[in-house]
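Pasting run_2.txt here (compact mmCIF, C-alpha atoms and all ligand atoms):
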# COMPACT_ATOMS: atom_id res chain seq x y z
CA MET A 11 -23.29 -25.31 -101.52
CA PRO A 12 -26.02 -27.93 -101.04
CA ALA A 13 -27.51 -28.25 -97.54
CA GLY A 14 -28.44 -31.39 -95.61
CA VAL A 15 -31.84 -32.53 -94.41
CA TYR A 16 -32.33 -34.22 -91.04
CA LEU A 17 -35.56 -36.13 -90.30
CA HIS A 18 -36.25 -37.15 -86.70
CA ILE A 19 -38.22 -40.35 -86.08
CA PRO A 20 -38.91 -40.43 -82.34
CA PHE A 21 -39.97 -44.05 -81.78
CA CYS A 22 -38.10 -46.95 -80.22
CA LYS A 23 -39.02 -50.54 -79.33
CA SER A 24 -38.13 -49.85 -75.72
CA ARG A 25 -36.23 -47.24 -73.78
CA CYS A 26 -32.50 -47.75 -73.19
CA SER A 27 -31.26 -47.03 -69.67
CA TYR A 28 -28.75 -44.33 -70.71
CA CYS A 29 -30.83 -42.50 -73.31
CA ASP A 30 -31.86 -38.86 -73.00
CA PHE A 31 -32.93 -38.35 -76.62
CA ALA A 32 -36.42 -37.20 -77.56
CA THR A 33 -37.98 -40.60 -78.24
CA ASP A 34 -41.13 -42.49 -77.29
CA VAL A 35 -41.84 -46.19 -77.11
CA TYR A 36 -43.60 -47.40 -80.27
CA ARG A 37 -46.96 -48.60 -78.98
CA ASP A 38 -49.61 -47.44 -81.36
CA SER A 39 -49.36 -47.57 -85.15
CA ASP A 40 -52.04 -44.87 -85.47
CA ALA A 41 -49.88 -42.45 -83.47
CA VAL A 42 -46.91 -43.25 -85.69
CA GLU A 43 -49.01 -42.70 -88.80
CA ARG A 44 -50.19 -39.35 -87.44
CA TYR A 45 -46.57 -38.40 -86.73
CA VAL A 46 -45.50 -39.29 -90.28
CA ASP A 47 -48.36 -37.15 -91.65
CA ALA A 48 -47.26 -34.25 -89.43
CA LEU A 49 -43.63 -34.64 -90.48
CA CYS A 50 -44.60 -34.57 -94.18
CA ARG A 51 -46.74 -31.53 -93.55
CA GLU A 52 -43.91 -29.71 -91.82
CA ILE A 53 -41.54 -30.45 -94.69
CA ARG A 54 -44.06 -29.16 -97.23
CA SER A 55 -45.28 -26.18 -95.22
CA GLU A 56 -42.62 -23.55 -95.68
CA PRO A 57 -39.49 -24.34 -97.62
CA PRO A 58 -36.56 -23.06 -95.58
CA ALA A 59 -34.04 -20.78 -97.21
CA LEU A 60 -30.33 -20.42 -96.75
CA ALA A 61 -29.26 -17.29 -94.96
CA GLY A 62 -25.83 -17.28 -96.57
CA GLY A 63 -22.70 -16.08 -94.87
CA GLN A 64 -21.84 -19.39 -93.25
CA PHE A 65 -18.27 -19.98 -92.20
CA ILE A 66 -16.77 -22.59 -94.44
CA ASP A 67 -13.07 -23.08 -94.20
CA ASP A 68 -12.12 -25.57 -96.88
CA SER A 69 -8.85 -26.21 -95.16
CA VAL A 70 -10.82 -27.83 -92.34
CA GLY A 71 -11.52 -31.38 -93.35
CA SER A 72 -10.14 -34.39 -95.04
CA ALA A 73 -8.83 -34.52 -98.57
CA ASN A 74 -10.85 -37.70 -98.92
CA TRP A 75 -14.22 -36.07 -98.53
CA PRO A 76 -16.43 -36.46 -101.54
CA ALA A 77 -16.62 -33.17 -103.41
CA ALA A 78 -19.70 -31.06 -102.85
CA ASP A 79 -22.29 -31.63 -105.53
CA ALA A 80 -21.81 -29.09 -108.29
CA THR A 81 -25.10 -29.56 -110.12
CA GLY A 82 -26.94 -26.80 -108.29
CA SER A 83 -29.00 -29.16 -106.13
CA ASP A 84 -30.50 -27.82 -102.90
CA ILE A 85 -29.45 -30.77 -100.79
CA ASP A 86 -26.96 -33.59 -101.05
CA THR A 87 -27.50 -35.45 -97.77
CA ILE A 88 -30.61 -36.80 -96.07
CA TYR A 89 -30.42 -38.36 -92.63
CA PHE A 90 -33.17 -40.34 -90.87
CA GLY A 91 -32.23 -40.18 -87.19
CA GLY A 92 -33.99 -41.03 -83.98
CA GLY A 93 -35.24 -42.88 -82.21
CA THR A 94 -35.30 -45.89 -84.43
CA PRO A 95 -36.27 -44.92 -87.99
CA SER A 96 -36.10 -48.58 -89.04
CA LEU A 97 -39.35 -49.15 -87.12
CA LEU A 98 -41.10 -47.28 -89.94
CA GLU A 99 -42.56 -49.20 -92.84
CA PRO A 100 -40.96 -48.61 -96.25
CA GLU A 101 -44.20 -47.01 -97.40
CA GLN A 102 -43.88 -44.40 -94.63
CA ILE A 103 -40.24 -43.73 -95.52
CA LYS A 104 -41.34 -43.34 -99.14
CA ARG A 105 -43.94 -40.72 -98.19
CA ILE A 106 -41.36 -38.75 -96.24
CA LEU A 107 -38.84 -38.89 -99.09
CA ASN A 108 -41.55 -37.81 -101.51
CA ALA A 109 -42.23 -34.79 -99.30
CA VAL A 110 -38.51 -33.93 -99.26
CA ASN A 111 -38.31 -34.31 -103.05
CA SER A 112 -41.36 -32.11 -103.53
CA VAL A 113 -39.64 -29.19 -101.78
CA PHE A 114 -35.93 -29.62 -102.49
CA SER A 115 -33.97 -30.66 -105.51
CA VAL A 116 -31.98 -33.61 -104.21
CA ALA A 117 -28.59 -34.39 -105.77
CA GLU A 118 -28.53 -37.68 -107.62
CA SER A 119 -25.44 -38.65 -105.66
CA ALA A 120 -27.03 -37.73 -102.32
CA GLU A 121 -25.93 -39.66 -99.26
CA ILE A 122 -29.14 -40.97 -97.67
CA THR A 123 -28.57 -42.47 -94.23
CA MET A 124 -30.97 -44.34 -92.00
CA GLU A 125 -30.30 -45.12 -88.36
CA MET A 126 -31.34 -48.68 -87.56
CA ASN A 127 -31.36 -50.86 -84.52
CA PRO A 128 -30.74 -54.60 -84.35
CA ALA A 129 -33.89 -56.75 -84.39
CA THR A 130 -35.99 -54.09 -86.11
CA VAL A 131 -35.41 -55.06 -89.75
CA THR A 132 -36.01 -58.00 -92.06
CA PRO A 133 -34.36 -58.77 -95.42
CA GLU A 134 -37.57 -57.62 -97.17
CA LYS A 135 -37.61 -54.31 -95.31
CA LEU A 136 -33.93 -53.65 -96.04
CA ASP A 137 -34.47 -54.46 -99.69
CA ALA A 138 -37.35 -51.98 -99.83
CA TYR A 139 -35.33 -49.25 -98.06
CA LYS A 140 -32.48 -49.80 -100.53
CA LYS A 141 -34.87 -49.46 -103.46
CA LEU A 142 -36.09 -46.15 -102.01
CA GLY A 143 -32.53 -44.82 -102.20
CA ILE A 144 -31.26 -45.37 -98.66
CA ASN A 145 -27.57 -45.96 -99.34
CA ARG A 146 -26.00 -45.70 -95.89
CA ALA A 147 -26.96 -47.58 -92.73
CA SER A 148 -25.93 -46.44 -89.28
CA PHE A 149 -26.84 -49.03 -86.71
CA GLY A 150 -26.59 -49.11 -82.97
CA VAL A 151 -24.53 -52.05 -81.75
CA GLN A 152 -23.14 -50.34 -78.59
CA THR A 153 -21.48 -53.55 -77.34
CA PHE A 154 -21.17 -57.20 -78.32
CA ASN A 155 -21.37 -58.26 -74.69
CA ASP A 156 -24.83 -59.56 -73.70
CA ARG A 157 -24.33 -58.70 -70.02
CA ASP A 158 -23.63 -55.07 -70.97
CA LEU A 159 -26.54 -54.98 -73.44
CA LYS A 160 -28.81 -55.93 -70.54
CA LEU A 161 -27.29 -53.20 -68.39
CA LEU A 162 -28.08 -50.72 -71.15
CA ALA A 163 -31.60 -52.18 -71.56
CA ARG A 164 -31.02 -52.25 -75.30
CA GLY A 165 -33.79 -54.76 -76.05
CA HIS A 166 -31.60 -56.91 -78.31
CA ASP A 167 -28.64 -59.22 -77.91
CA ALA A 168 -25.28 -59.38 -79.64
CA ASN A 169 -26.49 -62.05 -82.08
CA ASP A 170 -29.24 -59.70 -83.24
CA ALA A 171 -26.55 -57.13 -84.08
CA ARG A 172 -24.46 -59.71 -85.96
CA GLN A 173 -27.52 -60.86 -87.88
CA THR A 174 -28.55 -57.30 -88.77
CA TYR A 175 -25.07 -56.63 -90.10
CA ARG A 176 -25.20 -59.78 -92.27
CA MET A 177 -28.65 -58.80 -93.55
CA LEU A 178 -27.41 -55.32 -94.46
CA ARG A 179 -24.54 -56.76 -96.48
CA GLU A 180 -26.85 -59.31 -98.15
CA ALA A 181 -29.24 -56.48 -99.06
CA GLY A 182 -26.34 -54.76 -100.83
CA PHE A 183 -25.51 -51.95 -98.38
CA GLU A 184 -21.94 -50.90 -99.11
CA ASN A 185 -21.69 -48.05 -96.63
CA ILE A 186 -22.35 -49.27 -93.09
CA SER A 187 -21.54 -47.54 -89.85
CA PHE A 188 -22.08 -48.75 -86.36
CA ASP A 189 -21.85 -47.27 -82.88
CA LEU A 190 -20.01 -48.71 -79.92
CA ILE A 191 -19.88 -47.31 -76.37
CA ALA A 192 -16.82 -47.62 -74.14
CA GLY A 193 -16.65 -47.08 -70.41
CA LEU A 194 -19.75 -48.99 -69.34
CA PRO A 195 -20.02 -49.64 -65.60
CA GLY A 196 -18.14 -52.87 -64.87
CA GLN A 197 -16.51 -52.99 -68.32
CA THR A 198 -12.83 -53.97 -68.31
CA LEU A 199 -10.11 -53.06 -70.78
CA GLU A 200 -10.24 -56.70 -71.95
CA ASP A 201 -14.02 -56.42 -72.57
CA TRP A 202 -13.47 -53.27 -74.62
CA SER A 203 -10.65 -54.91 -76.52
CA GLN A 204 -12.94 -57.82 -77.45
CA ASN A 205 -15.54 -55.35 -78.72
CA LEU A 206 -12.91 -53.72 -80.92
CA ASP A 207 -11.75 -57.15 -82.16
CA GLU A 208 -15.23 -58.07 -83.24
CA ALA A 209 -15.89 -54.67 -84.82
CA MET A 210 -12.65 -54.88 -86.83
CA ALA A 211 -13.49 -58.43 -87.94
CA MET A 212 -16.88 -57.26 -89.25
CA ASP A 213 -15.11 -54.56 -91.26
CA PRO A 214 -17.72 -51.77 -91.51
CA GLU A 215 -16.87 -48.69 -93.54
CA HIS A 216 -17.41 -46.34 -90.60
CA LEU A 217 -17.47 -46.47 -86.80
CA SER A 218 -18.72 -44.02 -84.18
CA LEU A 219 -17.13 -44.78 -80.82
CA TYR A 220 -18.19 -42.94 -77.70
CA LEU A 221 -17.26 -42.89 -74.05
CA LEU A 222 -20.43 -43.40 -72.00
CA GLU A 223 -21.95 -40.20 -70.69
CA ILE A 224 -24.35 -40.59 -67.81
CA HIS A 225 -27.16 -38.08 -68.20
CA GLU A 226 -29.21 -36.91 -65.22
CA SER A 227 -32.80 -38.13 -65.32
CA THR A 228 -31.95 -41.44 -67.00
CA PRO A 229 -32.46 -44.82 -65.26
CA LEU A 230 -28.70 -45.42 -65.48
CA ALA A 231 -27.99 -42.20 -63.57
CA GLU A 232 -30.40 -43.37 -60.88
CA GLN A 233 -28.62 -46.75 -60.68
CA VAL A 234 -25.31 -44.92 -60.21
CA ARG A 235 -26.77 -42.59 -57.57
CA SER A 236 -28.17 -45.52 -55.63
CA GLY A 237 -24.82 -47.33 -55.75
CA ARG A 238 -26.04 -50.24 -57.87
CA ARG A 239 -23.63 -49.32 -60.67
CA THR A 240 -20.15 -47.83 -60.45
CA PRO A 241 -18.83 -45.74 -63.33
CA ILE A 242 -15.35 -46.60 -64.54
CA ASP A 243 -12.52 -44.32 -63.39
CA ASP A 244 -10.77 -41.71 -65.56
CA GLU A 245 -7.61 -43.76 -65.87
CA LEU A 246 -9.43 -46.75 -67.37
CA ALA A 247 -11.44 -44.44 -69.65
CA ALA A 248 -8.16 -42.97 -70.92
CA GLU A 249 -6.73 -46.45 -71.52
CA MET A 250 -9.85 -47.44 -73.46
CA TYR A 251 -9.62 -44.31 -75.58
CA GLU A 252 -5.91 -44.89 -76.35
CA LEU A 253 -6.55 -48.53 -77.21
CA MET A 254 -9.37 -47.53 -79.54
CA LEU A 255 -7.22 -44.96 -81.38
CA ASP A 256 -4.35 -47.41 -81.84
CA ARG A 257 -6.51 -50.33 -82.96
CA LEU A 258 -8.55 -48.36 -85.43
CA ALA A 259 -5.52 -46.70 -86.98
CA ALA A 260 -3.85 -50.11 -87.36
CA ALA A 261 -6.99 -51.42 -89.10
CA GLY A 262 -6.96 -48.60 -91.67
CA TYR A 263 -9.60 -46.30 -90.19
CA GLU A 264 -8.91 -42.60 -90.25
CA GLN A 265 -10.13 -40.63 -87.27
CA TYR A 266 -11.71 -37.51 -88.73
CA GLU A 267 -13.62 -36.30 -85.66
CA ILE A 268 -13.31 -36.93 -81.91
CA SER A 269 -15.67 -39.93 -82.00
CA ASN A 270 -15.77 -40.84 -85.68
CA PHE A 271 -13.57 -43.11 -87.79
CA ALA A 272 -13.86 -44.05 -91.43
CA LYS A 273 -12.19 -45.96 -94.18
CA PRO A 274 -10.93 -43.44 -96.77
CA GLY A 275 -13.85 -41.83 -98.60
CA PHE A 276 -16.51 -43.07 -96.16
CA GLU A 277 -16.65 -40.11 -93.77
CA SER A 278 -20.26 -39.20 -92.98
CA ARG A 279 -21.04 -36.40 -95.41
CA HIS A 280 -24.12 -35.44 -93.43
CA ASN A 281 -22.51 -35.22 -89.99
CA THR A 282 -19.54 -33.41 -91.48
CA LYS A 283 -21.92 -30.60 -92.42
CA TYR A 284 -22.56 -29.97 -88.71
CA TRP A 285 -18.87 -29.85 -87.88
CA ARG A 286 -18.11 -27.55 -90.80
CA LEU A 287 -21.04 -25.28 -89.93
CA GLU A 288 -22.77 -25.95 -93.22
CA PRO A 289 -26.54 -25.60 -93.43
CA VAL A 290 -28.76 -28.47 -92.33
CA PHE A 291 -32.56 -28.27 -92.21
CA GLY A 292 -34.13 -30.43 -89.51
CA PHE A 293 -37.73 -31.66 -89.49
CA GLY A 294 -39.63 -33.52 -86.81
CA VAL A 295 -39.88 -33.37 -83.06
CA SER A 296 -36.82 -31.78 -81.41
CA ALA A 297 -35.07 -31.38 -84.78
CA HIS A 298 -32.51 -28.59 -85.03
CA SER A 299 -31.71 -26.52 -88.11
CA PHE A 300 -28.93 -24.17 -89.10
CA ASP A 301 -29.45 -21.92 -92.11
CA GLY A 302 -25.96 -20.43 -92.24
CA SER A 303 -26.68 -17.75 -89.69
CA GLU A 304 -29.41 -18.79 -87.27
CA ARG A 305 -29.98 -22.02 -85.39
CA TYR A 306 -33.55 -22.99 -84.60
CA ALA A 307 -35.25 -25.99 -83.05
CA ASN A 308 -38.62 -27.68 -82.76
CA GLU A 309 -40.72 -28.64 -79.77
CA ARG A 310 -39.29 -31.64 -77.84
CA ASP A 311 -42.54 -33.39 -76.92
CA THR A 312 -43.95 -35.61 -79.69
CA ALA A 313 -47.65 -35.12 -78.95
CA GLN A 314 -47.16 -31.35 -78.71
CA TYR A 315 -45.15 -31.33 -81.92
CA VAL A 316 -47.91 -33.12 -83.82
CA GLU A 317 -50.55 -30.74 -82.45
CA MET A 318 -48.53 -27.66 -83.32
CA ILE A 319 -47.92 -28.87 -86.87
CA GLU A 320 -51.58 -29.79 -87.35
CA ARG A 321 -52.63 -26.35 -86.11
CA THR A 322 -50.06 -24.06 -87.73
CA GLY A 323 -47.62 -26.06 -89.87
CA SER A 324 -44.73 -25.04 -87.61
CA ALA A 325 -43.40 -26.39 -84.30
CA GLU A 326 -40.49 -24.02 -83.84
CA THR A 327 -39.89 -23.14 -80.20
CA TYR A 328 -36.37 -21.75 -80.21
CA ARG A 329 -34.19 -19.56 -82.41
CA GLU A 330 -30.83 -17.88 -81.95
CA THR A 331 -28.23 -16.15 -84.05
CA ILE A 332 -25.08 -18.07 -83.38
CA ASP A 333 -21.71 -16.69 -82.38
CA LEU A 334 -19.82 -17.77 -85.47
CA ALA A 335 -16.39 -17.13 -83.93
CA SER A 336 -16.80 -19.53 -81.02
CA GLU A 337 -18.94 -22.07 -82.94
CA SER A 338 -16.37 -22.28 -85.71
CA ALA A 339 -13.59 -22.84 -83.18
CA PHE A 340 -15.62 -25.37 -81.19
CA LEU A 341 -16.66 -27.38 -84.24
CA GLY A 342 -13.33 -27.03 -86.05
CA LEU A 343 -11.49 -28.41 -83.02
CA ARG A 344 -13.72 -31.50 -82.99
CA MET A 345 -12.25 -32.44 -86.33
CA ASN A 346 -8.80 -33.97 -86.62
CA GLN A 347 -7.77 -31.43 -89.19
CA GLY A 348 -8.37 -28.69 -86.64
CA ILE A 349 -8.65 -24.98 -87.45
CA SER A 350 -6.64 -23.14 -90.09
CA VAL A 351 -5.11 -20.41 -87.93
CA SER A 352 -4.69 -17.91 -90.78
CA ALA A 353 -8.22 -18.39 -92.16
CA TYR A 354 -9.68 -18.12 -88.68
CA VAL A 355 -7.69 -15.02 -87.67
CA ASN A 356 -8.53 -13.28 -90.95
CA ARG A 357 -12.18 -13.73 -90.31
CA PHE A 358 -12.57 -13.47 -86.56
CA GLY A 359 -9.38 -11.91 -85.15
CA SER A 360 -6.86 -13.60 -82.90
CA ASP A 361 -8.37 -13.40 -79.35
CA LEU A 362 -9.93 -16.83 -79.18
CA ILE A 363 -7.08 -18.57 -80.95
CA GLU A 364 -4.62 -17.02 -78.50
CA SER A 365 -6.57 -18.15 -75.47
CA ILE A 366 -6.94 -21.72 -76.81
CA SER A 367 -3.27 -21.83 -77.81
CA ARG A 368 -2.29 -21.29 -74.17
CA LEU A 369 -3.53 -24.85 -73.55
CA ASN A 370 -0.49 -25.92 -75.54
CA GLU A 371 1.43 -25.96 -72.26
CA SER A 372 -0.87 -28.57 -70.75
CA GLY A 373 -0.57 -30.73 -73.86
CA LEU A 374 -4.24 -30.39 -74.81
CA VAL A 375 -3.72 -28.61 -78.16
CA GLU A 376 -0.95 -28.26 -80.70
CA ILE A 377 -0.25 -26.06 -83.70
CA SER A 378 1.36 -27.68 -86.70
CA GLU A 379 1.31 -26.91 -90.42
CA GLY A 380 -0.70 -23.79 -89.72
CA HIS A 381 -3.52 -25.69 -88.00
CA LEU A 382 -4.60 -25.60 -84.37
CA ARG A 383 -5.87 -29.00 -83.29
CA LEU A 384 -6.53 -31.15 -80.24
CA THR A 385 -3.86 -33.62 -79.21
CA ARG A 386 -4.83 -37.15 -78.20
CA LYS A 387 -4.97 -35.94 -74.61
CA GLY A 388 -7.03 -32.95 -75.72
CA MET A 389 -9.57 -35.24 -77.39
CA LEU A 390 -10.00 -37.17 -74.19
CA TYR A 391 -10.34 -34.00 -72.12
CA SER A 392 -12.00 -31.90 -74.81
CA ASN A 393 -14.42 -30.28 -72.35
CA GLU A 394 -11.46 -28.53 -70.71
CA VAL A 395 -10.60 -27.01 -74.07
CA PHE A 396 -14.16 -26.16 -75.06
CA VAL A 397 -14.73 -24.29 -71.79
CA GLU A 398 -12.29 -21.68 -73.15
CA LEU A 399 -14.81 -20.95 -75.89
CA ILE A 400 -17.68 -20.00 -73.63
S1 LIG B 1 -32.50 -47.07 -79.34
FE1 LIG B 1 -31.30 -45.16 -79.29
S2 LIG B 1 -32.81 -43.50 -79.30
FE2 LIG B 1 -33.91 -45.42 -78.78
S3 LIG B 1 -33.99 -45.44 -76.54
FE3 LIG B 1 -32.16 -46.62 -77.18
S4 LIG B 1 -30.49 -45.09 -77.21
FE4 LIG B 1 -32.41 -43.96 -77.15

Would you encode the structure as structure tokens?
Amino acid sequence: MPAGVYLHIPFCKSRCSYCDFATDVYRDSDAVERYVDALCREIRSEPPALAGGQFIDDSVGSANWPAADATGSDIDTIYFGGGTPSLLEPEQIKRILNAVNSVFSVAESAEITMEMNPATVTPEKLDAYKKLGINRASFGVQTFNDRDLKLLARGHDANDARQTYRMLREAGFENISFDLIAGLPGQTLEDWSQNLDEAMAMDPEHLSLYLLEIHESTPLAEQVRSGRRTPIDDELAAEMYELMLDRLAAAGYEQYEISNFAKPGFESRHNTKYWRLEPVFGFGVSAHSFDGSERYANERDTAQYVEMIERTGSAETYRETIDLASESAFLGLRMNQGISVSAYVNRFGSDLIESISRLNESGLVEISEGHLRLTRKGMLYSNEVFVELI
């Protein structure tokens, strides 16, 4: 079973008001260059190995998923996440891919995704990325409403997003995903509906749609605390979620995970590895890895990460052996297919399944065709289900 590789690029043009990711503002090209050198060094330093023994239930997932590569390759997905990887020059991306190729055998059919933000690419840059093998673009639209983009401090407007999408198509990208966020302070159901209209009209292959989470220590959380912004109420959030499910289904998108929707055959192969507990090796600041048995993570501060790599070749600061029984249930329930009850019970016993099944009465989960899965209500209130797994 090939693994995935995740590469974290921690630079952004500016800092969005809701963001709690490990990213820095791109100020100094020398610092970026030093980071890219460190990232390449980390990749080359000690090739990670699979631990084996991962829980893979083939009944969990969509029949439309592309088959796993059978050629014996080490990896079949590469994902540049961030941050804003599209701030990097093609030459820097090339160096990173060369480092990956020097350590792993990469399947010819590998899915290679790059996260991009509007107003960070040009036709020339996209053309160069495409030539390097990037074949999937995931770009952060968040909303087509300029008032809300200002609230989020996104640093671009809706026209930038439309233009980036056009440029991606003109550059020949045939697998495009974008993100939208529902439930912004002050957003109405009508606003959200207009966002969905525009997204459907653009016709991307994949959409990731989230309800806004307000993280402590972000500027948005401070604006809420001080009363300058008012979060939407639960009832409106539920209406937005219902509207989203109905509209996407009507437009031919299959929901395959709580927040992810795809045209048939365009599910994210890389992200699906996380939900199916398949191995993914992460490189870069704050990157997480899972080798089939243990999960480990790198230092979260970029300057510290670079120093650690330059000194020792490793920036690992955390490692744990995961509880496969609860992780498998937690991740399996995120997917629409749910958990195969018989496969799960055979492997882990029935305790956890029985305690989750009790939520049947509150309409949060259901069992049908031998699978335990979240209902629509359960997806909206998934935290109430997941608390059973702790
Ligand atoms: S572009 Fe993305 S990663 Fe960068 S600050 Fe905004 S939300 Fe965070």

>> Counting all atoms listed in the file, what are the residues, protein, DNA or RNA alike, that approach ligand LIG 1 (chain B) to within 9 Å? I want them as a PyMOL selection string.
In response: chain A and resi 20-35+91-94+126-127+150+162-165

I need the chosen residues saved as a compact mmCIF listing (two decimals), keeping the file's coordinate frame, with C-alpha atoms.
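Wrote part.txt, looks like this:
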# COMPACT_ATOMS: atom_id res chain seq x y z
CA PRO A 20 -38.91 -40.43 -82.34
CA PHE A 21 -39.97 -44.05 -81.78
CA CYS A 22 -38.10 -46.95 -80.22
CA LYS A 23 -39.02 -50.54 -79.33
CA SER A 24 -38.13 -49.85 -75.72
CA ARG A 25 -36.23 -47.24 -73.78
CA CYS A 26 -32.50 -47.75 -73.19
CA SER A 27 -31.26 -47.03 -69.67
CA TYR A 28 -28.75 -44.33 -70.71
CA CYS A 29 -30.83 -42.50 -73.31
CA ASP A 30 -31.86 -38.86 -73.00
CA PHE A 31 -32.93 -38.35 -76.62
CA ALA A 32 -36.42 -37.20 -77.56
CA THR A 33 -37.98 -40.60 -78.24
CA ASP A 34 -41.13 -42.49 -77.29
CA VAL A 35 -41.84 -46.19 -77.11
CA GLY A 91 -32.23 -40.18 -87.19
CA GLY A 92 -33.99 -41.03 -83.98
CA GLY A 93 -35.24 -42.88 -82.21
CA THR A 94 -35.30 -45.89 -84.43
CA MET A 126 -31.34 -48.68 -87.56
CA ASN A 127 -31.36 -50.86 -84.52
CA GLY A 150 -26.59 -49.11 -82.97
CA LEU A 162 -28.08 -50.72 -71.15
CA ALA A 163 -31.60 -52.18 -71.56
CA ARG A 164 -31.02 -52.25 -75.30
CA GLY A 165 -33.79 -54.76 -76.05

If we count all atoms listed in the file, what is near Val397 of chain A at a cut-off of 10 Å, once residues fewer than 4 positions away on the same chain are taken out, given as a compact mmCIF listing (two decimals) with C-alpha atoms, keeping the file's coordinate frame?
# COMPACT_ATOMS: atom_id res chain seq x y z
CA PHE A 340 -15.62 -25.37 -81.19
CA ILE A 366 -6.94 -21.72 -76.81
CA SER A 392 -12.00 -31.90 -74.81
CA ASN A 393 -14.42 -30.28 -72.35

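Put simply, atom CA of Tyr315 of chain A is 23.6 Å away from atom CA of Tyr284 of chain A.
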
List every residue of segment 122-215 of chain A that has an atom at most 9 Å from any atom of segment 242-263 of chain A, and for each one report the closest atom pair and its distance in Å to one decimal, counting all atoms listed in the file, with rows sorted by chain and then by increasing residue number, as a tab-separated table.
residue	atom	partner	partner_atom	distance
A:Ala192	CA	A:Met250	CA	7.0
A:Gly193	CA	A:Ala247	CA	5.9
A:Leu194	CA	A:Ile242	CA	6.9
A:Pro195	CA	A:Ile242	CA	5.7
A:Gly196	CA	A:Ile242	CA	6.9
A:Gln197	CA	A:Ile242	CA	7.5
A:Thr198	CA	A:Leu246	CA	8.0
A:Leu199	CA	A:Met250	CA	6.2
A:Trp202	CA	A:Met250	CA	7.0
A:Ser203	CA	A:Leu253	CA	7.6
A:Leu206	CA	A:Met254	CA	7.3
A:Asp207	CA	A:Arg257	CA	8.6
A:Met210	CA	A:Ala261	CA	7.0
A:Asp213	CA	A:Ala261	CA	9.0
A:Glu215	CA	A:Tyr263	CA	8.4

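A straight line drawn from atom CA of Ala117 of chain A to atom CA of Pro214 of chain A is 25.0 Å long.
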
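One finds atom CA of Leu362 of chain A at 8.0 Å from atom CA of Ala335 of chain A.
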
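All residues that come within 12 Å of the coordinates (-28.8, -45.4, -62.1), counting all atoms listed in the file, are given as Cys26, Ser27, Tyr28, Cys29, Leu161, Leu162, Ala163, Pro195, Ile224, His225, Glu226, Ser227, Thr228, Pro229, Leu230, Ala231, Glu232, Gln233, Val234, Arg235, Ser236, Gly237, Arg238, Arg239, Thr240 and Pro241 of chain A.
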
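Residues having any atom no farther than 9 Å from (-40.7, -36.9, -85.6) (counting all atoms listed in the file) are Leu17, His18, Ile19, Pro20, Phe21, Thr33, Val42, Tyr45, Val46, Ala48, Leu49, Gly92, Gly93, Phe293, Gly294, Val295, Ser296, Ala297, Thr312, Tyr315 and Val316 of chain A.
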
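Ranking A:Ala171, A:Leu399, A:Met345, A:Leu217 by their shortest atom-to-atom distance to Thr385 of chain A, with all atoms listed in the file included, puts A:Met345 first.
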
>> Which residues are near Asp189 of chain A? Cut-off 9 Å, all atoms listed in the file, ignore same chain within fewer than 3 positions. Put them as a PyMOL selection string.
In response: chain A and resi 148-153+216-220

For segment 133-141 of chain A, work out the shell of residues within 12 Å, counting all atoms listed in the file and skipping chain neighbours fewer than 6 positions away, then give it as a PDB file with C-alpha atoms, in the frame of the given file.
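Output below, filename selection-v3.pdb:
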ATOM      1  CA  PHE A  90     -33.170 -40.340 -90.870  1.00  0.00           C
ATOM      2  CA  PRO A  95     -36.270 -44.920 -87.990  1.00  0.00           C
ATOM      3  CA  SER A  96     -36.100 -48.580 -89.040  1.00  0.00           C
ATOM      4  CA  LEU A  97     -39.350 -49.150 -87.120  1.00  0.00           C
ATOM      5  CA  LEU A  98     -41.100 -47.280 -89.940  1.00  0.00           C
ATOM      6  CA  GLU A  99     -42.560 -49.200 -92.840  1.00  0.00           C
ATOM      7  CA  PRO A 100     -40.960 -48.610 -96.250  1.00  0.00           C
ATOM      8  CA  GLU A 101     -44.200 -47.010 -97.400  1.00  0.00           C
ATOM      9  CA  GLN A 102     -43.880 -44.400 -94.630  1.00  0.00           C
ATOM     10  CA  ILE A 103     -40.240 -43.730 -95.520  1.00  0.00           C
ATOM     11  CA  LYS A 104     -41.340 -43.340 -99.140  1.00  0.00           C
ATOM     12  CA  LEU A 107     -38.840 -38.890 -99.090  1.00  0.00           C
ATOM     13  CA  ILE A 122     -29.140 -40.970 -97.670  1.00  0.00           C
ATOM     14  CA  THR A 123     -28.570 -42.470 -94.230  1.00  0.00           C
ATOM     15  CA  MET A 124     -30.970 -44.340 -92.000  1.00  0.00           C
ATOM     16  CA  GLU A 125     -30.300 -45.120 -88.360  1.00  0.00           C
ATOM     17  CA  MET A 126     -31.340 -48.680 -87.560  1.00  0.00           C
ATOM     18  CA  ALA A 147     -26.960 -47.580 -92.730  1.00  0.00           C
ATOM     19  CA  GLN A 173     -27.520 -60.860 -87.880  1.00  0.00           C
ATOM     20  CA  THR A 174     -28.550 -57.300 -88.770  1.00  0.00           C
ATOM     21  CA  TYR A 175     -25.070 -56.630 -90.100  1.00  0.00           C
ATOM     22  CA  ARG A 176     -25.200 -59.780 -92.270  1.00  0.00           C
ATOM     23  CA  MET A 177     -28.650 -58.800 -93.550  1.00  0.00           C
ATOM     24  CA  LEU A 178     -27.410 -55.320 -94.460  1.00  0.00           C
ATOM     25  CA  ARG A 179     -24.540 -56.760 -96.480  1.00  0.00           C
ATOM     26  CA  GLU A 180     -26.850 -59.310 -98.150  1.00  0.00           C
ATOM     27  CA  ALA A 181     -29.240 -56.480 -99.060  1.00  0.00           C
ATOM     28  CA  GLY A 182     -26.340 -54.760-100.830  1.00  0.00           C
ATOM     29  CA  PHE A 183     -25.510 -51.950 -98.380  1.00  0.00           C
ATOM     30  CA  GLU A 184     -21.940 -50.900 -99.110  1.00  0.00           C
ATOM     31  CA  ASN A 185     -21.690 -48.050 -96.630  1.00  0.00           C
TER      32      ASN A 185
END
